[in-house]
Amino acid sequence: MSGFDIVNIVIKAVGGIALFLYGMSVLGGRLEKLSSGKMEKILEKLTNNVFKSVLLGALVTAAIQSSAATTVIVVGLVNAGILRLSSGIGVIMGANIGTTITGQILRLGDLESNESVGAFLKLLSPSVLAPFIAAVGILIFMLSKKEGGKTIGEIFLGIGILFTGMLSLTDAVSPLSELDAFKNLFATLTNPFLGVVVGAVVTALLQSSSASVGILQAISTTGVLTFSSAFPIIMGQNIGTCVTPIISAVGAGKNAKRAAAVHLYFNIIGTLVFLIIVYLVQYTVGLPFWNESIDMGGIANFHTFFNVVVTLCLMPFTKVLEKLAMLTIRDEPRDKNESAASSDFIAPALEDRLLISPSLAIQQASLTAITMGKIALYNFGQMRKLFEEYDPDIFEKLNENEESIDRMEDRLNAYLVKINECELTDYENRRVTELLHLTSEFERIGDYTMNLIEDAQKLDNEKIRFSDHARKELGVISDAVEEIIGMAIKSTEFNDINTAAKIEPLEETIDYLNETLKARHIERLKNGQCVVESGVNFLDLLINLERISDHCSNIAVYVIGSQRSNTPINRHEFIQNAHAAKDKDYVRYEEEYMAKYAI
């Protein structure tokens with residue numbers, strides 16, 4: 001074979017690998033997009049039931065076609081505090097099983113060379129299936145009007161490209177079976193240590209065990225690959241796939257690093273145990289197929305068998321793996337002088353690792369926005385106490401909380417921009433837009449609440465007190481505003497459209513209270529019942545209370561709009577229409593609130 005022939009083979013092989021990897025990327029990406037993160041969200045509901053965790057890990061990996069991606073998601077969830085390390089271990093184990101699906105699909109390549117199969121089964125061979133699936137995929141993609149249909153078309157196209165790449169790679173490497181050097185190369189890989197290292201290195205470079213198994217399946221068509229050389233390579237591939245989660249854990253918290261360490265320990269221990277058992281059996285009893293050629297199906301079957309057996313064997317030892325990871329990555333001793341106090345409100349971690357699944361990242365962003373609202377509500381409740389009895393320590397605490405809201409807003413806006421750069425569905429795009437609005441609304445509620453807190457400080461500094469009548473009136477409208485903030489948070493947290501529908505009637509009630517109290521206070525000023533200084537402060541308080549209710553009304557509109565419409569909602573037009581229509585429910589809610597907060 002000439003040098004030109006070898007160069008030609010290498011170019012064709014690289015082209016085949018490129019198509020194969022691109023097909024896998026398209027297939028995995030579109031499957032994840034079609035699931036819209038539903039599989040990943042299930043991970044948050046895991047219990048200590050390791051069987052359930054393993055099953056869910058396998059399902060998620062089968063859906064997104066990447067055990068490395070699943071483990072990266074677990075690392076992100078553990079770092080964010082959503083998932084306990086003990087629950088994440090089962091998911092990691094299940095991911096190793098789920099990733100074997102790709103190899104089982106690619107084993108259809110064996111039908112190409114099997115003359116004994118019937119005509120119908122021949123139709124399932126990649127040379128027939130690839131162009132057919134690709135043609136179906138492009139038809140669905142071009143004819144579909146909806147995004148879901150286009151995504152299904154792209155899934156078919158991804159399968160077609162994946163099989164086409166596999167065929168190109170198989171055709172490229174087939175002449176190598178004539179080369180003695182190529183045969184000798186795989187003969188040396190019967191050394192278990194060398195085979196494991198090669199499998200690990202290739203998988204680490206590709207960052208996908210499914211891809212490296214697929215390439216090994218293509219090489220098996222040459223007939224030079226035996227069971228003895230394939231086994232250690234396949235085991236090594238499981239170790240190589242740990243590289244991606246390890247990289248993703250750099251800079252993360254200790255529990256996230258422990259999750260990546262568990263993945264590595266699980267695969268190393270499983271490989272060592274399996275190697276010992278396999279070679280012990282081979283050198284004592286003997287395996288009759290040991291030196292025979294292995295085909296695509298044999299590789300797929302061993303890959304699945306290896307991962308299932310290792311998972312079943314190590315499932316009872318999840319606590320041991322957790323302990324091993326904790327011994328490796330220890331907690332730093334707490335400084336005796338360090339304060340043990342923590343914030344009353346812990347913001348969810350906005351993990352870049354979760355951007356691999358935009359829907360999960362959006363969910364974390366939503367939790368952060370809700371936390372902003374809860375801090376603002378807490379501040380509002382504490383603010384009311386300051387008007388009764390001013391406490392500078394409480395003022396400082398509330399000021400720190402307001403600074404936390406501002407920091408969350410900055411982080412959240414930056415995170416939402418990152419999410420927006422991902423490939424999103426139409427629904428996810430709308431959610432990002434909605435969250436940008438909600439973030440601004442909750443931050444403004446916090447600002448106006450801080451204005452009220454500063455008013456309390458000002459009144460204390462100037463030794464100004466409102467009359468009993470004025471304080472009673474402020475108590476009534478403050479009760480209404482505190483309720484509307486809670487309703488805005490509830491409607492956002494639970495996508496509760498029923499609660500959101502009650503917000504505008506309450507906001508209109510607050511507007512009425514605001515105007516009524518303004519008029520009454522002005523009358524008291526005119527009659528000399530209040531001093532000018534207290535009167536100005538009273539009116540300023542009413543302005544801030546009314547503006548808080550306005551922002552709660554805006555939040556209700558965004559929540560209702562996200563549920564009822566696929567297009568951005570015109571907030572002002574929506575509110576005007578609500579006021580103009582005033583259906584029976586609206587009128588009933590308004591009457592209830594007018595009675596509840598009557599002065």
# chains A, B, ... in the order shown; residues from 1 in each chain; ligands from 1
>>> residues_around(residues="range 150-157 of chain A", least_positions_apart="6", cutoff="9 Å", atoms="only C-alpha atoms", output="PyMOL selection string")
chain A and resi 23+26-31+33-34+130+133-144
>>> write_last_selection(atoms="all heavy atoms", output="compact mmCIF listing (two decimals), in the first residue's frame")
# COMPACT_ATOMS: atom_id res chain seq x y z
N GLY A 23 -23.13 14.20 13.84
CA GLY A 23 -24.43 13.54 13.93
C GLY A 23 -24.83 13.30 15.38
O GLY A 23 -25.97 13.51 15.77
N VAL A 26 -25.83 16.69 16.94
CA VAL A 26 -27.16 17.12 16.52
C VAL A 26 -28.24 16.28 17.21
O VAL A 26 -29.22 16.80 17.74
CB VAL A 26 -27.31 17.00 14.99
CG1 VAL A 26 -28.76 17.25 14.56
CG2 VAL A 26 -26.39 18.01 14.30
N LEU A 27 -28.02 14.95 17.23
CA LEU A 27 -29.00 14.05 17.83
C LEU A 27 -29.18 14.35 19.32
O LEU A 27 -30.31 14.52 19.80
CB LEU A 27 -28.55 12.60 17.64
CG LEU A 27 -29.44 11.51 18.26
CD1 LEU A 27 -30.84 11.55 17.68
CD2 LEU A 27 -28.81 10.13 18.06
N GLY A 28 -28.07 14.44 20.05
CA GLY A 28 -28.15 14.70 21.49
C GLY A 28 -28.74 16.06 21.79
O GLY A 28 -29.59 16.21 22.68
N GLY A 29 -28.31 17.08 21.04
CA GLY A 29 -28.82 18.43 21.27
C GLY A 29 -30.31 18.55 21.03
O GLY A 29 -31.03 19.20 21.80
N ARG A 30 -30.78 17.93 19.94
CA ARG A 30 -32.21 18.05 19.61
C ARG A 30 -33.07 17.19 20.53
O ARG A 30 -34.20 17.57 20.86
CB ARG A 30 -32.45 17.65 18.15
CG ARG A 30 -31.77 18.56 17.14
CD ARG A 30 -32.03 20.04 17.42
NE ARG A 30 -31.33 20.91 16.50
CZ ARG A 30 -30.10 21.37 16.68
NH1 ARG A 30 -29.42 21.02 17.75
NH2 ARG A 30 -29.54 22.17 15.80
N LEU A 31 -32.55 16.05 20.99
CA LEU A 31 -33.30 15.25 21.96
C LEU A 31 -33.46 16.02 23.27
O LEU A 31 -34.53 16.02 23.87
CB LEU A 31 -32.57 13.92 22.22
CG LEU A 31 -32.73 12.83 21.16
CD1 LEU A 31 -31.77 11.69 21.42
CD2 LEU A 31 -34.17 12.32 21.11
N LYS A 33 -33.40 19.26 23.51
CA LYS A 33 -34.30 20.39 23.22
C LYS A 33 -35.75 19.92 23.21
O LYS A 33 -36.65 20.62 23.71
CB LYS A 33 -33.93 20.98 21.87
CG LYS A 33 -34.70 22.23 21.49
CD LYS A 33 -34.20 22.78 20.16
CE LYS A 33 -34.97 24.02 19.75
NZ LYS A 33 -34.49 24.54 18.43
N LEU A 34 -36.00 18.73 22.66
CA LEU A 34 -37.36 18.21 22.59
C LEU A 34 -37.89 17.91 23.98
O LEU A 34 -39.07 18.15 24.27
CB LEU A 34 -37.38 16.93 21.74
CG LEU A 34 -38.77 16.37 21.39
CD1 LEU A 34 -39.51 17.33 20.47
CD2 LEU A 34 -38.65 15.01 20.72
N ALA A 130 -29.68 5.05 6.61
CA ALA A 130 -29.14 6.41 6.72
C ALA A 130 -29.78 7.38 5.73
O ALA A 130 -30.31 8.43 6.14
CB ALA A 130 -27.62 6.39 6.57
N ILE A 133 -33.67 7.77 6.55
CA ILE A 133 -33.96 8.59 7.74
C ILE A 133 -33.63 10.05 7.48
O ILE A 133 -34.37 10.96 7.89
CB ILE A 133 -33.17 8.06 8.96
CG1 ILE A 133 -33.72 6.71 9.41
CG2 ILE A 133 -33.21 9.04 10.12
CD1 ILE A 133 -32.97 6.07 10.55
N ALA A 134 -32.52 10.31 6.77
CA ALA A 134 -32.14 11.69 6.46
C ALA A 134 -33.20 12.34 5.57
O ALA A 134 -33.56 13.51 5.77
CB ALA A 134 -30.78 11.73 5.79
N ALA A 135 -33.72 11.58 4.59
CA ALA A 135 -34.75 12.12 3.69
C ALA A 135 -36.03 12.43 4.46
O ALA A 135 -36.65 13.49 4.27
CB ALA A 135 -35.04 11.12 2.57
N VAL A 136 -36.42 11.52 5.36
CA VAL A 136 -37.61 11.76 6.19
C VAL A 136 -37.39 12.99 7.07
O VAL A 136 -38.28 13.84 7.21
CB VAL A 136 -37.92 10.52 7.07
CG1 VAL A 136 -39.00 10.85 8.09
CG2 VAL A 136 -38.35 9.35 6.20
N GLY A 137 -36.18 13.09 7.62
CA GLY A 137 -35.87 14.21 8.50
C GLY A 137 -35.95 15.55 7.80
O GLY A 137 -36.53 16.50 8.33
N ILE A 138 -35.40 15.64 6.58
CA ILE A 138 -35.42 16.93 5.88
C ILE A 138 -36.83 17.29 5.44
O ILE A 138 -37.21 18.47 5.42
CB ILE A 138 -34.45 16.91 4.67
CG1 ILE A 138 -34.16 18.33 4.18
CG2 ILE A 138 -34.97 16.06 3.55
CD1 ILE A 138 -33.45 19.21 5.18
N LEU A 139 -37.64 16.28 5.12
CA LEU A 139 -39.04 16.55 4.76
C LEU A 139 -39.82 17.11 5.95
O LEU A 139 -40.55 18.10 5.83
CB LEU A 139 -39.71 15.26 4.26
CG LEU A 139 -39.42 14.86 2.80
CD1 LEU A 139 -40.02 13.50 2.51
CD2 LEU A 139 -39.99 15.90 1.84
N ILE A 140 -39.64 16.46 7.11
CA ILE A 140 -40.32 16.93 8.33
C ILE A 140 -39.87 18.34 8.67
O ILE A 140 -40.67 19.22 9.01
CB ILE A 140 -40.06 15.98 9.51
CG1 ILE A 140 -40.69 14.61 9.25
CG2 ILE A 140 -40.63 16.56 10.81
CD1 ILE A 140 -40.34 13.56 10.29
N PHE A 141 -38.56 18.58 8.56
CA PHE A 141 -38.00 19.89 8.91
C PHE A 141 -38.53 20.98 7.99
O PHE A 141 -38.89 22.08 8.45
CB PHE A 141 -36.47 19.83 8.82
CG PHE A 141 -35.79 21.13 9.18
CD1 PHE A 141 -35.60 21.47 10.50
CD2 PHE A 141 -35.37 22.01 8.19
CE1 PHE A 141 -34.99 22.67 10.84
CE2 PHE A 141 -34.76 23.20 8.52
CZ PHE A 141 -34.56 23.54 9.85
N MET A 142 -38.61 20.71 6.69
CA MET A 142 -39.03 21.73 5.73
C MET A 142 -40.53 21.97 5.75
O MET A 142 -40.99 23.09 5.50
CB MET A 142 -38.58 21.33 4.32
CG MET A 142 -37.06 21.35 4.14
SD MET A 142 -36.56 20.80 2.49
CE MET A 142 -37.16 22.16 1.48
N LEU A 143 -41.31 20.92 6.04
CA LEU A 143 -42.76 21.05 5.98
C LEU A 143 -43.37 21.50 7.31
O LEU A 143 -44.51 21.98 7.32
CB LEU A 143 -43.38 19.72 5.56
CG LEU A 143 -43.02 19.23 4.15
CD1 LEU A 143 -43.63 17.86 3.89
CD2 LEU A 143 -43.48 20.22 3.09
N SER A 144 -42.63 21.35 8.40
CA SER A 144 -43.19 21.70 9.72
C SER A 144 -43.23 23.21 9.91
O SER A 144 -42.27 23.92 9.60
CB SER A 144 -42.37 21.07 10.84
OG SER A 144 -42.47 19.68 10.81
>>> atom_distance(atom1="CA of Glu473 in chain A", atom2="CA of Glu508 in chain A")
17.0 Å
>>> closest_residue(among="A:Ser208, A:Gln563, A:Ser478, A:Thr499", to="Leu545 in chain A", atoms="only C-alpha atoms")
A:Ser478
>>> closest_residue(among="A:Leu189, A:Ala200, A:Leu367, A:Val262", to="Ile329 in chain A", atoms="only C-alpha atoms")
A:Val262
>>> residues_around(residues="Val50 in chain A", least_positions_apart="2", cutoff="9 Å", atoms="only C-alpha atoms", output="ChimeraX atom specification")
/A:46-48,52-55,86-87,89-91,315-316,318
>>> write_last_selection(atoms="C-alpha atoms", output="PDB file, in the first residue's frame")
ATOM      1  CA  LEU A  46     -34.780  12.319  43.817  1.00  0.00           C
ATOM      2  CA  THR A  47     -34.902  10.602  47.169  1.00  0.00           C
ATOM      3  CA  ASN A  48     -32.319   8.440  48.889  1.00  0.00           C
ATOM      4  CA  LYS A  52     -34.741   5.237  41.532  1.00  0.00           C
ATOM      5  CA  SER A  53     -31.681   7.449  41.125  1.00  0.00           C
ATOM      6  CA  VAL A  54     -29.953   4.924  38.860  1.00  0.00           C
ATOM      7  CA  LEU A  55     -33.068   4.527  36.701  1.00  0.00           C
ATOM      8  CA  SER A  86     -25.691  10.851  48.081  1.00  0.00           C
ATOM      9  CA  SER A  87     -28.575  11.116  45.573  1.00  0.00           C
ATOM     10  CA  ILE A  89     -24.177   9.059  43.088  1.00  0.00           C
ATOM     11  CA  GLY A  90     -27.077   6.924  41.854  1.00  0.00           C
ATOM     12  CA  VAL A  91     -27.617   9.264  38.892  1.00  0.00           C
ATOM     13  CA  MET A 315     -24.973   0.080  44.126  1.00  0.00           C
ATOM     14  CA  PRO A 316     -24.849  -1.271  47.719  1.00  0.00           C
ATOM     15  CA  THR A 318     -22.849   4.273  47.453  1.00  0.00           C
TER      16      THR A 318
END
>>> atom_distance(atom1="CA of Val197 in chain A", atom2="CA of Leu264 in chain A")
14.4 Å
>>> closest_residue(among="A:Leu525, A:Val536, A:Lys472, A:Asp391", to="Tyr597 in chain A", atoms="only C-alpha atoms")
A:Lys472
>>> atom_distance(atom1="CA of Asn184 in chain A", atom2="CA of Asn8 in chain A")
21.1 Å
>>> residues_around(residues="range 298-300 of chain A", least_positions_apart="2", cutoff="8 Å", atoms="only C-alpha atoms", output="PyMOL selection string")
chain A and resi 100+103-104+107+213+216-217+230+234+294-296+302-304
>>> residues_around(residues="range 446-459 of chain A", least_positions_apart="4", cutoff="9 Å", atoms="only C-alpha atoms", output="short mmCIF file (atom, residue, chain, number, x, y, z; two decimals) with C-alpha atoms, in the first residue's frame")
data_model
loop_
_atom_site.label_atom_id
_atom_site.label_comp_id
_atom_site.auth_asym_id
_atom_site.auth_seq_id
_atom_site.Cartn_x
_atom_site.Cartn_y
_atom_site.Cartn_z
CA MET A 372 -35.33 38.61 45.55
CA GLY A 373 -39.08 38.98 46.06
CA ILE A 375 -36.24 39.35 50.70
CA ALA A 376 -38.22 42.43 49.64
CA LEU A 377 -41.31 41.04 51.43
CA ASN A 379 -37.88 43.89 54.47
CA PHE A 380 -41.39 45.29 54.07
CA GLN A 382 -39.63 44.60 59.22
CA MET A 383 -40.05 48.14 57.90
CA ARG A 384 -43.46 48.37 59.53
CA LEU A 386 -39.46 50.51 62.49
CA PHE A 387 -42.37 52.95 62.39
CA TYR A 390 -37.02 52.47 65.45
CA ASP A 391 -33.99 50.17 65.86
CA PRO A 392 -30.70 51.09 64.08
CA PHE A 395 -32.10 49.28 59.80
CA LEU A 398 -32.49 45.59 56.12
CA ASN A 399 -30.00 47.77 54.27
CA GLU A 402 -31.40 45.49 49.96
CA ILE A 405 -31.21 42.17 46.17
CA ASP A 406 -29.12 44.54 44.04
CA GLU A 441 -39.96 44.41 39.07
CA PHE A 442 -38.78 42.65 42.24
CA LYS A 463 -38.43 63.11 66.28
CA ILE A 464 -41.60 63.24 64.16
CA ARG A 465 -44.57 61.02 65.03
CA SER A 534 -45.24 65.03 59.21
CA ASN A 537 -43.61 62.47 55.05
CA ASP A 540 -44.27 60.39 50.58
CA LEU A 541 -45.05 57.08 52.29
CA ASN A 544 -43.96 54.54 47.78
CA LEU A 545 -46.70 52.14 48.90
CA ARG A 547 -45.69 52.28 43.51
CA ILE A 548 -44.93 48.92 45.16
#
>>> residues_around(residues="range 60-76 of chain A", least_positions_apart="4", cutoff="8 Å", atoms="only C-alpha atoms", output="PDB file with C-alpha atoms, in the first residue's frame")
ATOM      1  CA  MET A  24     -24.119  12.643  17.621  1.00  0.00           C
ATOM      2  CA  LEU A  27     -29.003  14.045  17.830  1.00  0.00           C
ATOM      3  CA  GLY A  28     -28.149  14.702  21.489  1.00  0.00           C
ATOM      4  CA  GLY A  29     -28.815  18.431  21.267  1.00  0.00           C
ATOM      5  CA  LEU A  31     -33.295  15.250  21.961  1.00  0.00           C
ATOM      6  CA  GLU A  32     -32.465  17.507  24.909  1.00  0.00           C
ATOM      7  CA  SER A  35     -37.450  17.134  26.225  1.00  0.00           C
ATOM      8  CA  MET A  39     -35.764  14.817  32.260  1.00  0.00           C
ATOM      9  CA  GLU A  40     -33.309  17.030  34.116  1.00  0.00           C
ATOM     10  CA  LEU A  56     -33.493   8.269  36.321  1.00  0.00           C
ATOM     11  CA  ALA A  80     -26.169  24.630  43.561  1.00  0.00           C
ATOM     12  CA  LEU A  83     -29.187  17.731  44.786  1.00  0.00           C
ATOM     13  CA  GLY A  88     -26.246  12.246  42.801  1.00  0.00           C
ATOM     14  CA  VAL A  91     -27.617   9.264  38.892  1.00  0.00           C
ATOM     15  CA  ILE A  92     -23.938   9.002  37.961  1.00  0.00           C
ATOM     16  CA  GLY A  94     -27.268   5.239  35.868  1.00  0.00           C
ATOM     17  CA  ALA A  95     -25.585   7.564  33.374  1.00  0.00           C
ATOM     18  CA  ASN A  96     -23.041   4.847  32.578  1.00  0.00           C
ATOM     19  CA  GLY A  98     -27.771   5.111  29.582  1.00  0.00           C
ATOM     20  CA  THR A  99     -24.738   5.915  27.442  1.00  0.00           C
ATOM     21  CA  ILE A 101     -27.807   3.007  23.991  1.00  0.00           C
ATOM     22  CA  THR A 102     -25.755   4.559  21.175  1.00  0.00           C
ATOM     23  CA  GLN A 207     -15.046  13.745  25.589  1.00  0.00           C
ATOM     24  CA  SER A 208     -17.616  11.088  24.750  1.00  0.00           C
ATOM     25  CA  SER A 209     -17.554   7.372  25.505  1.00  0.00           C
ATOM     26  CA  SER A 210     -20.397   6.839  23.012  1.00  0.00           C
ATOM     27  CA  THR A 241     -15.383   9.926  30.011  1.00  0.00           C
ATOM     28  CA  CYS A 242     -14.696  11.233  33.555  1.00  0.00           C
ATOM     29  CA  THR A 244     -15.444  16.334  31.235  1.00  0.00           C
ATOM     30  CA  PRO A 245     -17.074  16.335  34.709  1.00  0.00           C
ATOM     31  CA  SER A 248     -16.503  21.203  34.949  1.00  0.00           C
ATOM     32  CA  ALA A 249     -15.879  20.827  38.707  1.00  0.00           C
ATOM     33  CA  ALA A 256     -19.446  19.394  43.282  1.00  0.00           C
ATOM     34  CA  LYS A 257     -15.814  18.259  43.237  1.00  0.00           C
ATOM     35  CA  ALA A 259     -19.517  14.375  42.707  1.00  0.00           C
ATOM     36  CA  ALA A 260     -16.872  14.426  39.942  1.00  0.00           C
ATOM     37  CA  HIS A 263     -17.737   9.416  38.981  1.00  0.00           C
ATOM     38  CA  GLU A 351     -24.299  27.641  37.831  1.00  0.00           C
ATOM     39  CA  ASP A 352     -22.672  28.008  34.399  1.00  0.00           C
ATOM     40  CA  ARG A 353     -22.505  24.188  34.406  1.00  0.00           C
ATOM     41  CA  LEU A 354     -26.315  24.130  34.162  1.00  0.00           C
ATOM     42  CA  ILE A 356     -25.770  22.636  29.229  1.00  0.00           C
ATOM     43  CA  SER A 357     -29.506  22.318  29.933  1.00  0.00           C
TER      44      SER A 357
END
>>> closest_residue(among="A:Ile445, A:Ile497, A:Leu542, A:Val309", to="Leu474 in chain A", atoms="only C-alpha atoms")
A:Leu542
>>> select_by_dssp(residues="range 247-349 of chain A", states="alpha helix (DSSP H)", output="ChimeraX atom specification")
/A:247-248,254-284,296-314,318-328
>>> closest_residue(among="A:Ser228, A:Val310, A:Leu327, A:Ser220", to="Ala261 in chain A", atoms="only C-alpha atoms")
A:Leu327
>>> residues_around(residues="His469 in chain A", least_positions_apart="4", cutoff="12 Å", atoms="only C-alpha atoms", output="PyMOL selection string")
chain A and resi 465+473-476+517+520-521+524+529-530+538+599
>>> write_last_selection(atoms="N, CA, C and O atoms", output="short mmCIF file (atom, residue, chain, number, x, y, z; two decimals), in the first residue's frame")
data_model
loop_
_atom_site.label_atom_id
_atom_site.label_comp_id
_atom_site.auth_asym_id
_atom_site.auth_seq_id
_atom_site.Cartn_x
_atom_site.Cartn_y
_atom_site.Cartn_z
N ARG A 465 -43.64 62.15 64.87
CA ARG A 465 -44.57 61.02 65.03
C ARG A 465 -45.90 61.38 64.40
O ARG A 465 -46.35 62.53 64.49
N GLU A 473 -54.43 54.47 59.64
CA GLU A 473 -54.66 54.47 58.19
C GLU A 473 -53.48 53.84 57.46
O GLU A 473 -53.67 53.04 56.52
N LEU A 474 -52.27 54.19 57.89
CA LEU A 474 -51.08 53.58 57.27
C LEU A 474 -51.06 52.07 57.49
O LEU A 474 -50.61 51.31 56.62
N GLY A 475 -51.53 51.63 58.64
CA GLY A 475 -51.58 50.20 58.92
C GLY A 475 -52.49 49.46 57.96
O GLY A 475 -52.16 48.36 57.49
N VAL A 476 -53.64 50.09 57.62
CA VAL A 476 -54.59 49.44 56.71
C VAL A 476 -53.99 49.29 55.31
O VAL A 476 -54.00 48.20 54.73
N LEU A 517 -56.68 58.40 51.40
CA LEU A 517 -55.81 58.81 52.51
C LEU A 517 -55.11 60.14 52.22
O LEU A 517 -54.89 60.95 53.13
N ARG A 520 -57.74 62.82 52.89
CA ARG A 520 -57.98 62.99 54.33
C ARG A 520 -56.82 63.71 55.01
O ARG A 520 -57.02 64.55 55.89
N HIS A 521 -55.60 63.35 54.61
CA HIS A 521 -54.44 63.96 55.26
C HIS A 521 -54.31 65.43 54.89
O HIS A 521 -53.91 66.25 55.74
N ARG A 524 -56.52 67.26 57.08
CA ARG A 524 -55.97 67.40 58.42
C ARG A 524 -54.92 68.52 58.47
O ARG A 524 -54.83 69.25 59.45
N GLN A 529 -54.53 69.93 62.10
CA GLN A 529 -54.45 68.74 62.95
C GLN A 529 -53.09 68.04 62.85
O GLN A 529 -52.75 67.21 63.69
N CYS A 530 -52.35 68.34 61.75
CA CYS A 530 -51.02 67.77 61.54
C CYS A 530 -50.04 68.88 61.21
O CYS A 530 -50.41 69.89 60.59
N PHE A 538 -45.90 61.76 55.35
CA PHE A 538 -47.05 60.86 55.20
C PHE A 538 -47.38 60.67 53.72
O PHE A 538 -47.60 59.54 53.26
N ILE A 599 -61.66 51.74 55.41
CA ILE A 599 -61.14 52.65 56.43
C ILE A 599 -62.33 53.22 57.21
O ILE A 599 -63.19 53.86 56.64
#
>>> closest_residue(among="A:Arg431, A:Leu19, A:Val201, A:Met93", to="Cys313 in chain A", atoms="only C-alpha atoms")
A:Met93
